[in-house]
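K.L.:
I'm passing along query39.cif; it holds mmCIF, C-alpha atoms and all ligand atoms.
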data_work
loop_
_atom_site.label_atom_id
_atom_site.label_comp_id
_atom_site.auth_asym_id
_atom_site.auth_seq_id
_atom_site.Cartn_x
_atom_site.Cartn_y
_atom_site.Cartn_z
CA MET O 1 110.24 -104.45 68.57
CA LEU O 2 110.75 -106.58 65.47
CA ASN O 3 109.99 -103.70 63.10
CA LEU O 4 112.43 -103.17 60.29
CA ASN O 5 112.73 -99.98 58.29
CA LEU O 6 111.37 -100.76 54.82
CA GLU O 7 113.28 -97.99 53.08
CA GLU O 8 116.55 -99.23 54.49
CA LEU O 9 115.72 -102.78 53.42
CA GLN O 10 114.81 -101.71 49.90
CA GLN O 11 118.26 -100.23 49.37
CA GLN O 12 119.98 -103.59 49.87
CA GLN O 13 120.79 -106.28 47.37
CA THR O 14 118.67 -109.35 48.17
CA PRO O 15 118.84 -111.91 49.61
CA PHE O 16 120.44 -110.71 52.83
CA TYR O 17 120.27 -111.18 56.58
CA ALA O 18 119.00 -108.18 58.53
CA TYR O 19 120.04 -108.11 62.17
CA ASN O 20 118.32 -105.95 64.73
CA LEU O 21 121.14 -105.24 67.17
CA ASN O 22 118.82 -103.36 69.52
CA LEU O 23 116.70 -106.44 69.97
CA LEU O 24 119.86 -108.51 70.43
CA ARG O 25 121.03 -106.21 73.23
CA GLN O 26 117.62 -106.24 74.90
CA THR O 27 117.64 -110.03 74.77
CA LEU O 28 121.13 -110.24 76.24
CA GLN O 29 120.22 -107.73 78.92
CA ALA O 30 117.15 -109.77 79.92
CA SER O 31 119.11 -113.00 79.99
CA LYS O 32 121.98 -111.50 81.93
CA GLN O 33 119.68 -109.95 84.49
CA GLU O 34 117.97 -113.27 85.24
CA ALA O 35 121.18 -115.33 85.21
CA ASP O 36 122.90 -112.84 87.52
CA LYS O 37 120.18 -113.34 90.13
CA TYR O 38 121.66 -116.77 90.83
CA ASN O 39 125.23 -116.03 89.85
CA TYR O 40 124.86 -118.33 86.83
CA HIS O 41 127.50 -118.24 84.08
CA VAL O 42 126.33 -118.30 80.49
CA HIS O 43 128.64 -119.32 77.67
CA TYR O 44 127.16 -118.27 74.35
CA ALA O 45 127.07 -121.17 71.85
CA LEU O 46 128.87 -119.67 68.86
CA LYS O 47 127.49 -122.33 66.58
CA ALA O 48 124.19 -120.43 66.49
CA ASN O 49 125.71 -117.31 64.95
CA ALA O 50 129.36 -116.29 64.93
CA ASN O 51 129.14 -112.90 63.20
CA ALA O 52 131.51 -110.35 64.68
CA PRO O 53 128.87 -107.81 65.84
CA VAL O 54 127.00 -110.62 67.58
CA LEU O 55 130.19 -111.79 69.31
CA ASP O 56 131.00 -108.19 70.26
CA ALA O 57 127.64 -107.87 71.98
CA MET O 58 128.05 -111.19 73.80
CA ARG O 59 131.44 -110.20 75.12
CA GLU O 60 130.29 -106.73 76.14
CA PHE O 61 127.46 -108.27 78.17
CA GLY O 62 129.89 -110.61 79.89
CA PHE O 63 128.99 -113.93 78.26
CA GLY O 64 131.63 -116.62 77.83
CA ALA O 65 132.05 -118.66 74.64
CA ASP O 66 130.93 -122.24 74.03
CA CYS O 67 132.84 -123.55 71.01
CA VAL O 68 132.66 -126.76 68.99
CA SER O 69 135.62 -126.33 66.67
CA GLY O 70 139.11 -124.89 66.61
CA ASN O 71 137.85 -122.14 64.32
CA GLU O 72 135.12 -121.18 66.77
CA ILE O 73 137.71 -120.97 69.55
CA LYS O 74 139.86 -118.83 67.25
CA ALA O 75 136.90 -116.58 66.40
CA ALA O 76 136.11 -116.14 70.10
CA ILE O 77 139.68 -115.38 71.11
CA GLU O 78 140.29 -113.05 68.18
CA ASN O 79 137.11 -111.26 69.11
CA GLY O 80 138.51 -110.64 72.60
CA PHE O 81 136.97 -113.38 74.74
CA ALA O 82 139.39 -114.34 77.49
CA PRO O 83 140.60 -117.98 77.18
CA GLN O 84 139.34 -118.63 80.72
CA ASP O 85 135.82 -117.88 79.41
CA VAL O 86 136.02 -120.44 76.59
CA VAL O 87 134.73 -124.02 76.72
CA PHE O 88 135.26 -126.60 73.98
CA ALA O 89 132.67 -129.33 73.29
CA GLY O 90 132.13 -131.82 70.48
CA VAL O 91 132.31 -135.56 69.88
CA GLY O 92 135.04 -135.31 67.27
CA LYS O 93 137.72 -132.85 68.34
CA SER O 94 140.71 -133.20 66.00
CA ASP O 95 144.30 -133.29 67.30
CA ALA O 96 144.99 -129.91 65.71
CA GLU O 97 141.94 -128.40 67.41
CA ILE O 98 142.87 -129.89 70.78
CA ASN O 99 146.45 -128.63 70.45
CA TYR O 100 145.25 -125.15 69.63
CA ALA O 101 142.88 -125.15 72.62
CA LEU O 102 145.68 -126.40 74.88
CA GLU O 103 147.99 -123.63 73.67
CA GLN O 104 145.28 -121.07 74.41
CA ASP O 105 144.79 -122.63 77.86
CA ILE O 106 140.99 -122.47 77.58
CA PHE O 107 138.83 -122.90 80.66
CA CYS O 108 137.51 -126.40 80.01
CA PHE O 109 137.23 -129.28 77.52
CA ASN O 110 133.81 -130.92 77.63
CA CYS O 111 134.80 -134.52 76.90
CA GLU O 112 132.47 -136.97 75.27
CA SER O 113 134.16 -140.39 75.33
CA SER O 114 136.80 -142.39 77.15
CA HIS O 115 138.82 -142.58 73.94
CA GLU O 116 138.82 -138.78 73.71
CA LEU O 117 140.11 -138.57 77.32
CA GLU O 118 143.01 -140.81 76.39
CA VAL O 119 143.97 -138.70 73.36
CA LEU O 120 143.54 -135.40 75.22
CA ASN O 121 145.76 -136.64 78.04
CA GLU O 122 148.43 -137.70 75.55
CA LEU O 123 148.38 -134.35 73.72
CA ALA O 124 148.39 -132.38 77.00
CA GLU O 125 151.35 -134.43 78.23
CA LYS O 126 153.30 -133.61 75.05
CA LYS O 127 152.76 -129.95 75.76
CA GLY O 128 153.56 -130.31 79.45
CA ARG O 129 150.10 -129.09 80.39
CA VAL O 130 147.15 -130.22 82.47
CA ALA O 131 143.81 -129.85 80.67
CA ARG O 132 140.77 -128.99 82.75
CA ILE O 133 137.89 -131.23 81.76
CA ALA O 134 134.19 -131.76 82.33
CA LEU O 135 132.65 -135.11 81.52
CA ARG O 136 129.74 -134.76 79.15
CA ILE O 137 127.22 -137.25 80.46
CA ASN O 138 124.38 -138.58 78.37
CA PRO O 139 121.53 -138.40 80.92
CA ASN O 140 118.97 -140.28 78.83
CA VAL O 141 116.39 -137.50 79.15
CA ASN O 142 113.96 -136.96 76.30
CA ALA O 143 113.95 -133.36 75.11
CA ASN O 144 110.63 -133.69 73.21
CA THR O 145 112.02 -131.89 70.22
CA HIS O 146 112.90 -132.75 66.60
CA LYS O 147 114.87 -135.99 66.38
CA TYR O 148 117.75 -134.31 64.52
CA ILE O 149 118.28 -131.91 67.44
CA THR O 150 117.77 -134.38 70.29
CA THR O 151 121.10 -135.17 71.88
CA GLY O 152 120.51 -136.61 75.34
CA LEU O 153 119.26 -140.10 74.55
CA GLU O 154 121.30 -143.28 74.64
CA GLU O 155 120.81 -143.70 70.87
CA ASN O 156 122.49 -140.32 70.27
CA LYS O 157 126.22 -140.13 69.68
CA PHE O 158 126.79 -137.53 72.39
CA GLY O 159 128.25 -137.90 75.84
CA ILE O 160 129.41 -140.67 78.13
CA ASN O 161 126.72 -143.12 79.20
CA ALA O 162 125.93 -143.54 82.90
CA TRP O 163 127.10 -147.16 82.96
CA GLU O 164 130.54 -146.15 81.66
CA LEU O 165 131.19 -143.58 84.40
CA GLU O 166 132.69 -146.00 86.89
CA SER O 167 135.33 -147.16 84.41
CA VAL O 168 135.95 -143.59 83.24
CA LEU O 169 136.77 -142.60 86.84
CA GLU O 170 139.19 -145.51 87.05
CA GLN O 171 140.75 -144.38 83.80
CA LEU O 172 141.06 -140.78 85.03
CA LYS O 173 143.21 -141.92 87.96
CA GLU O 174 145.87 -142.84 85.40
CA LEU O 175 145.50 -139.76 83.21
CA LYS O 176 147.73 -137.32 85.04
CA HIS O 177 147.37 -134.53 82.50
CA LEU O 178 143.64 -134.15 83.00
CA GLU O 179 141.93 -132.40 85.87
CA LEU O 180 138.25 -133.20 86.36
CA ILE O 181 136.44 -129.97 87.28
CA GLY O 182 132.87 -130.49 86.17
CA ILE O 183 130.10 -132.43 84.53
CA HIS O 184 128.31 -131.36 81.38
CA PHE O 185 124.90 -132.07 79.90
CA HIS O 186 123.12 -130.92 76.76
CA ILE O 187 119.94 -132.75 75.91
CA GLY O 188 118.76 -130.98 72.78
CA SER O 189 117.71 -127.76 71.19
CA GLN O 190 114.49 -125.75 70.62
CA ILE O 191 113.04 -127.03 73.89
CA THR O 192 109.83 -125.17 74.65
CA ASP O 193 108.43 -127.47 77.30
CA LEU O 194 110.24 -126.38 80.46
CA THR O 195 109.38 -129.58 82.34
CA VAL O 196 112.10 -131.18 80.21
CA PHE O 197 114.65 -129.04 82.07
CA LYS O 198 113.08 -130.04 85.37
CA ASN O 199 113.65 -133.68 84.38
CA LEU O 200 117.22 -132.79 83.50
CA CYS O 201 117.71 -131.26 86.97
CA THR O 202 116.47 -134.47 88.58
CA ARG O 203 119.01 -136.49 86.62
CA VAL O 204 121.81 -134.02 87.37
CA ASN O 205 121.00 -134.26 91.09
CA GLU O 206 121.28 -138.05 90.86
CA PHE O 207 124.66 -137.78 89.13
CA GLN O 208 125.83 -135.32 91.77
CA GLU O 209 124.97 -137.85 94.47
CA TRP O 210 126.85 -140.50 92.55
CA PHE O 211 130.01 -138.40 92.36
CA LEU O 212 129.71 -137.33 95.96
CA ALA O 213 129.41 -140.95 97.06
CA ARG O 214 132.82 -141.41 95.43
CA ASN O 215 134.19 -138.36 97.20
CA ILE O 216 134.46 -136.28 94.08
CA GLN O 217 133.69 -132.58 94.43
CA LEU O 218 132.79 -130.93 91.17
CA GLN O 219 133.56 -127.24 90.76
CA HIS O 220 130.87 -126.70 88.17
CA ILE O 221 127.77 -128.20 86.65
CA ASN O 222 127.20 -127.31 83.02
CA VAL O 223 123.59 -127.87 81.99
CA GLY O 224 124.09 -126.92 78.32
CA GLY O 225 121.66 -124.90 76.24
CA GLY O 226 118.47 -125.74 74.44
CA LEU O 227 115.96 -123.08 75.46
CA GLY O 228 113.59 -122.67 72.52
CA VAL O 229 112.00 -119.60 70.96
CA ASP O 230 108.55 -118.86 69.57
CA TYR O 231 108.86 -119.23 65.79
CA TYR O 232 105.10 -118.84 65.36
CA HIS O 233 104.62 -115.46 66.99
CA PRO O 234 108.05 -113.82 66.97
CA GLU O 235 106.47 -110.39 67.29
CA GLN O 236 104.56 -111.30 70.46
CA GLN O 237 107.40 -112.69 72.51
CA PRO O 238 110.68 -111.74 70.86
CA ILE O 239 112.52 -112.18 74.16
CA PRO O 240 112.36 -115.70 75.65
CA ASP O 241 111.17 -116.17 79.22
CA PHE O 242 114.59 -116.23 80.88
CA GLU O 243 113.00 -115.61 84.27
CA ALA O 244 111.11 -118.92 84.12
CA TYR O 245 114.09 -120.75 82.60
CA PHE O 246 116.81 -119.76 85.08
CA GLY O 247 114.28 -119.76 87.94
CA LEU O 248 113.51 -123.41 87.22
CA PHE O 249 117.15 -124.42 87.57
CA ASN O 250 117.39 -122.40 90.75
CA GLN O 251 114.36 -124.25 92.10
CA PHE O 252 115.29 -127.78 91.12
CA LEU O 253 119.06 -128.05 90.90
CA GLU O 254 120.71 -129.13 94.13
CA LEU O 255 124.12 -127.56 94.50
CA ARG O 256 127.01 -128.11 96.87
CA PRO O 257 128.64 -125.10 98.54
CA GLY O 258 130.78 -123.11 96.14
CA GLN O 259 129.59 -124.94 93.05
CA GLU O 260 129.05 -122.91 89.88
CA VAL O 261 126.31 -123.52 87.32
CA HIS O 262 127.12 -122.98 83.66
CA PHE O 263 124.77 -122.67 80.70
CA GLU O 264 125.40 -122.76 76.95
CA LEU O 265 122.61 -120.84 75.29
CA GLY O 266 122.63 -120.26 71.56
CA ARG O 267 119.27 -119.99 69.87
CA ALA O 268 117.42 -118.21 72.67
CA LEU O 269 119.92 -115.34 72.54
CA VAL O 270 120.06 -114.72 68.79
CA ALA O 271 117.15 -116.33 66.89
CA GLN O 272 114.74 -113.42 66.92
CA CYS O 273 117.21 -110.67 66.07
CA GLY O 274 117.88 -112.05 62.57
CA THR O 275 115.57 -111.96 59.55
CA LEU O 276 116.25 -113.29 56.09
CA ILE O 277 115.08 -110.74 53.53
CA SER O 278 114.40 -111.91 50.02
CA LYS O 279 112.69 -110.73 46.84
CA VAL O 280 110.05 -112.52 44.83
CA LEU O 281 111.48 -113.47 41.46
CA TYR O 282 108.49 -115.17 39.90
CA ILE O 283 104.94 -116.23 40.55
CA LYS O 284 103.99 -119.53 39.04
CA ASN O 285 100.36 -120.56 39.14
CA GLY O 286 99.59 -124.26 39.05
CA GLN O 287 96.28 -126.08 39.09
CA ASN O 288 96.18 -126.49 42.84
CA THR O 289 99.35 -124.82 43.95
CA ASN O 290 100.65 -121.33 43.35
CA PHE O 291 104.34 -120.81 43.89
CA ALA O 292 106.07 -117.66 45.02
CA ILE O 293 109.66 -118.23 43.91
CA LEU O 294 112.16 -116.26 45.97
CA ASP O 295 115.76 -115.29 45.37
CA ALA O 296 116.66 -116.90 48.74
CA GLY O 297 116.64 -120.64 49.20
CA MET O 298 117.86 -123.50 51.33
CA THR O 299 121.40 -122.28 50.67
CA GLU O 300 120.67 -119.24 52.84
CA LEU O 301 118.38 -120.90 55.39
CA ILE O 302 118.34 -124.69 55.47
CA ARG O 303 116.19 -125.22 58.58
CA PRO O 304 112.84 -125.69 56.78
CA ALA O 305 114.39 -128.14 54.29
CA LEU O 306 116.39 -130.03 56.90
CA TYR O 307 114.04 -130.14 59.89
CA GLN O 308 110.73 -129.08 58.31
CA SER O 309 111.00 -126.12 60.67
CA TYR O 310 108.41 -123.41 60.66
CA HIS O 311 109.54 -119.83 60.06
CA LYS O 312 107.00 -117.08 59.87
CA ILE O 313 106.92 -115.60 56.35
CA GLU O 314 105.68 -112.10 55.68
CA ASN O 315 105.26 -110.02 52.54
CA LEU O 316 106.56 -106.59 53.57
CA THR O 317 105.42 -104.69 50.50
CA SER O 318 101.95 -105.88 49.50
CA GLU O 319 98.67 -105.11 51.20
CA LYS O 320 96.40 -106.78 48.66
CA ALA O 321 93.77 -109.45 49.35
CA GLU O 322 95.00 -112.74 50.71
CA ALA O 323 96.14 -115.63 48.55
CA ARG O 324 97.86 -118.94 49.19
CA TYR O 325 101.39 -119.80 48.07
CA ASP O 326 104.04 -122.40 48.40
CA VAL O 327 107.02 -120.17 49.14
CA VAL O 328 110.06 -121.74 47.54
CA GLY O 329 113.67 -120.96 46.67
CA PRO O 330 115.60 -121.21 43.42
CA ILE O 331 117.65 -124.30 44.30
CA CYS O 332 117.24 -127.50 42.27
CA GLU O 333 115.75 -129.54 45.12
CA SER O 334 112.09 -130.03 45.94
CA SER O 335 112.93 -129.67 49.62
CA ASP O 336 113.93 -126.07 48.88
CA CYS O 337 110.68 -124.79 50.30
CA PHE O 338 110.20 -122.25 53.11
CA GLY O 339 106.53 -122.97 53.64
CA LYS O 340 103.59 -124.71 52.02
CA ALA O 341 100.15 -123.14 51.55
CA VAL O 342 101.28 -119.93 53.21
CA ILE O 343 98.64 -117.21 53.37
CA LEU O 344 100.14 -113.95 52.10
CA PRO O 345 98.70 -110.83 50.56
CA GLU O 346 98.60 -111.26 46.79
CA THR O 347 102.22 -111.31 45.85
CA GLN O 348 104.10 -110.21 42.75
CA ARG O 349 107.58 -110.02 41.30
CA GLY O 350 109.75 -107.61 43.28
CA ASP O 351 107.87 -107.88 46.58
CA LEU O 352 110.11 -108.05 49.67
CA ILE O 353 109.62 -111.16 51.76
CA ALA O 354 110.77 -111.47 55.38
CA ILE O 355 111.53 -114.88 56.85
CA TRP O 356 111.59 -114.28 60.58
CA SER O 357 113.51 -115.80 63.49
CA ALA O 358 116.52 -116.62 61.35
CA GLY O 359 119.25 -115.26 63.61
CA ALA O 360 120.17 -118.67 65.00
CA TYR O 361 121.38 -121.53 62.79
CA GLY O 362 120.65 -119.45 59.69
CA GLU O 363 123.73 -117.77 58.26
CA VAL O 364 126.10 -120.23 59.94
CA MET O 365 124.46 -123.16 58.15
CA ALA O 366 124.50 -121.49 54.72
CA SER O 367 126.09 -123.37 51.86
CA ALA O 368 127.44 -122.55 48.41
CA TYR O 369 125.38 -125.30 46.76
CA ASN O 370 124.66 -124.42 43.14
CA LEU O 371 127.69 -122.12 43.49
CA ARG O 372 125.53 -119.51 45.13
CA ASP O 373 127.02 -116.29 46.45
CA LYS O 374 127.00 -115.86 50.21
CA ALA O 375 124.18 -113.59 51.36
CA LYS O 376 125.55 -110.61 53.22
CA ALA O 377 124.59 -109.43 56.68
CA VAL O 378 123.19 -105.98 57.36
CA TYR O 379 123.03 -104.58 60.88
CA LEU O 380 120.13 -102.26 61.56
N1 LIG O 401 125.74 -126.86 73.88
C1 LIG O 401 125.92 -127.92 73.09
C2 LIG O 401 126.84 -128.99 73.51
C3 LIG O 401 125.23 -128.02 71.86
O1 LIG O 401 125.39 -129.08 71.09
C4 LIG O 401 124.34 -126.98 71.49
C5 LIG O 401 123.61 -127.04 70.21
C6 LIG O 401 124.21 -125.87 72.34
C7 LIG O 401 124.92 -125.86 73.54
C8 LIG O 401 123.32 -124.71 72.03
O2 LIG O 401 121.98 -125.10 71.97
P1 LIG O 401 120.83 -124.01 71.79
O3 LIG O 401 120.75 -123.18 73.06
O4 LIG O 401 121.14 -123.18 70.61
O5 LIG O 401 119.61 -124.83 71.59
N2 LIG O 401 120.89 -126.55 63.75
C9 LIG O 401 119.80 -126.87 64.65
C10 LIG O 401 120.24 -126.77 66.10
C11 LIG O 401 121.42 -127.64 66.44
C12 LIG O 401 121.89 -127.44 67.85
C13 LIG O 401 123.19 -128.14 68.08
N3 LIG O 401 123.71 -128.01 69.40
C14 LIG O 401 118.63 -125.97 64.34
O6 LIG O 401 118.72 -125.19 63.40
O7 LIG O 401 117.60 -126.05 64.98
#
For the file at hand, write its structure as structure tokens.

P.N.:
Amino acid sequence: MLNLNLEELQQQQTPFYAYNLNLLRQTLQASKQEADKYNYHVHYALKANANAPVLDAMREFGFGADCVSGNEIKAAIENGFAPQDVVFAGVGKSDAEINYALEQDIFCFNCESSHELEVLNELAEKKGRVARIALRINPNVNANTHKYITTGLEENKFGINAWELESVLEQLKELKHLELIGIHFHIGSQITDLTVFKNLCTRVNEFQEWFLARNIQLQHINVGGGLGVDYYHPEQQPIPDFEAYFGLFNQFLELRPGQEVHFELGRALVAQCGTLISKVLYIKNGQNTNFAILDAGMTELIRPALYQSYHKIENLTSEKAEARYDVVGPICESSDCFGKAVILPETQRGDLIAIWSAGAYGEVMASAYNLRDKAKAVYL
């Protein structure tokens, strides 16, 4: 399912992102089918990949849009997402972004602090509007993932802490231009241990009780995203186990009549459909270390440099005997390394190298460091 057509790849100028739209559609179909079983709503987290063909597919399959900036909201709306399918999260929403979202009358602002509530209320009042909000609560649940992508612990900047909720409810009584419609959680990303989500459900149930005890009925519970993918064997399980994921929430989340459950998946929907394709520029043999120097680097895919993330690396054009390489990019940083001591077939200048599972948080996190050109995207 991950196969790419070598001849097609060889015609392109490297480095570039190759997207397998068939795999994307199969992934969306599988996710939709499982979510529909329980009438769950999924808002796609645009931050993972906001390319137009990806957004087209999301919209066609009926996903909403989870946005973290004014430009993401704009991209979603220009792509054809209905404003009532757009949610807006983020700890640092600017006034301009809030105003734009208010003008678009988006479905919901996921609010992260009492100060933000105050500002949102003020801006909504100026526009004569009432903003629908969900309180993003920091549930203090450990996601067992990389510390840079853990978001649900007290030490993280995200969300309103449990002990603040009482005073936030008091505050909301005064904020007449806000309407509380839900609660929101997102505890981290690349979560592969599903018991973490079970722990999240337990906390959500406790918060539900807490709100109910104060006579507050919430229209929706947003449990965020975070479902991880298999970076080690992308070919074996290119489509995440959505059945287990949504089934777990169905089993453990306690809902009140009429309540909706919302999700914000990013990575799980798009990671495996994108591959970074690069060419070997040089081979440099050291005493202990041989380097394969690629024409792609951390400017195209920063995850290995930033999080020491593993991405499977494959030489698409050599079938020689195996050798060991540090696979590095051309950028003037030692962290510009895709993998150390990678076993590849003997590799030479001009070989095509695939770096798999790069559809999520790849292109969107690219930079122009060293004044590099932006790698283009090819849809296959
Ligand atoms: N909702 C919220 C509020 C989020 O902050 C995120 C991701 C998502 C949903 C989507 O999470 P996902 O389903 O994709 O795990 N750049 C990092 C990942 C950062 C994730 C940030 N928030 C990486 O490359 O691993």

K.L.:
Pick out the residues sitting within 9 Å of O:Tyr379, and hand them over as a PyMOL selection string; count only C-alpha atoms, and ignore anything fewer than 6 positions along from it in its own chain.

P.N.:
chain O and resi 17-21+53

K.L.:
Quick one: residues within 6 Å of stretch 358-362 of chain O, all atoms listed in the file counted, chain neighbours fewer than 5 positions away excluded, as a list in words?

P.N.:
Ala48, Asn49, Arg267, Val270, Ala271, Gln272, Cys273, Gly274, Thr275 and Leu301 of chain O

K.L.:
Could I get the residue neighbourhood of ligand LIG 401 (chain O) at 7 Å, counting only C-alpha atoms and all ligand atoms, as a ChimeraX atom specification?

P.N.:
/O:45,48,66,89-90,149,186,188-190,224-228,264-268,303,360-361

K.L.:
Mind giving me the straight-line distance from atom CA of O:Gly92 to atom CA of O:Leu306 in Å, one decimal?

P.N.:
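Taking atom CA of O:Gly92 as the start and atom CA of O:Leu306 as the end point, the length is 22.0 Å.
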
K.L.:
Atom CA of O:Arg372 and atom CA of O:Glu97, how far apart in Å?

P.N.:
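Atom-to-atom, atom CA of O:Glu97 and atom CA of O:Arg372 are spaced 29.1 Å apart.
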
K.L.:
Identify which of the residues O:Val91, O:Ala30, O:Ala377, O:Ala162 lies closest to O:His115, counting only C-alpha atoms when measuring atom-to-atom distances.

P.N.:
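Ranked by minimum distance to O:His115, first place goes to O:Val91.
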
K.L.:
Any idea what the distance is between atom CA of O:Leu172 and atom CA of O:Ile133?

P.N.:
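Computing it gives 10.6 Å between the two atoms.
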
K.L.:
If we count all atoms listed in the file and set the cut-off at 9 Å, which residues sit around O:Leu294, ignoring sequence neighbours fewer than 4 positions away in its own chain? Please answer as a ChimeraX atom specification.

P.N.:
/O:15,278-282,327-330,353

K.L.:
Which neighbours of stretch 37-42 of chain O fall inside 9 Å, counting only C-alpha atoms, when residues of the same chain fewer than 2 positions from it are skipped, and could you give them as an NGL selection string?

P.N.:
:O and (31-35 or 44 or 62-66 or 246-247 or 250 or 260-265)

K.L.:
With only C-alpha atoms as the counted atoms, please give the residues lying no more than 10 Å from O:Lys126, apart from itself and same-chain residues fewer than 6 positions off, as a CSV table (one decimal) with C-alpha atoms, keeping the file's coordinate frame.

P.N.:
chain,number,residue,atom,x,y,z
O,99,ASN,CA,146.4,-128.6,70.4
O,120,LEU,CA,143.5,-135.4,75.2
O,177,HIS,CA,147.4,-134.5,82.5

K.L.:
Would you please work out which residue, of O:Leu178, O:Val141, O:Ala296, O:Ile98, is nearest to O:Leu117 when using only C-alpha atoms?

P.N.:
O:Leu178

K.L.:
Looking at all atoms listed in the file, which of O:Lys340, O:Lys284, O:Arg349, O:Arg256 is the one that sits closest to O:Asn205?

P.N.:
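Result for the nearest residue to O:Asn205: O:Arg256.
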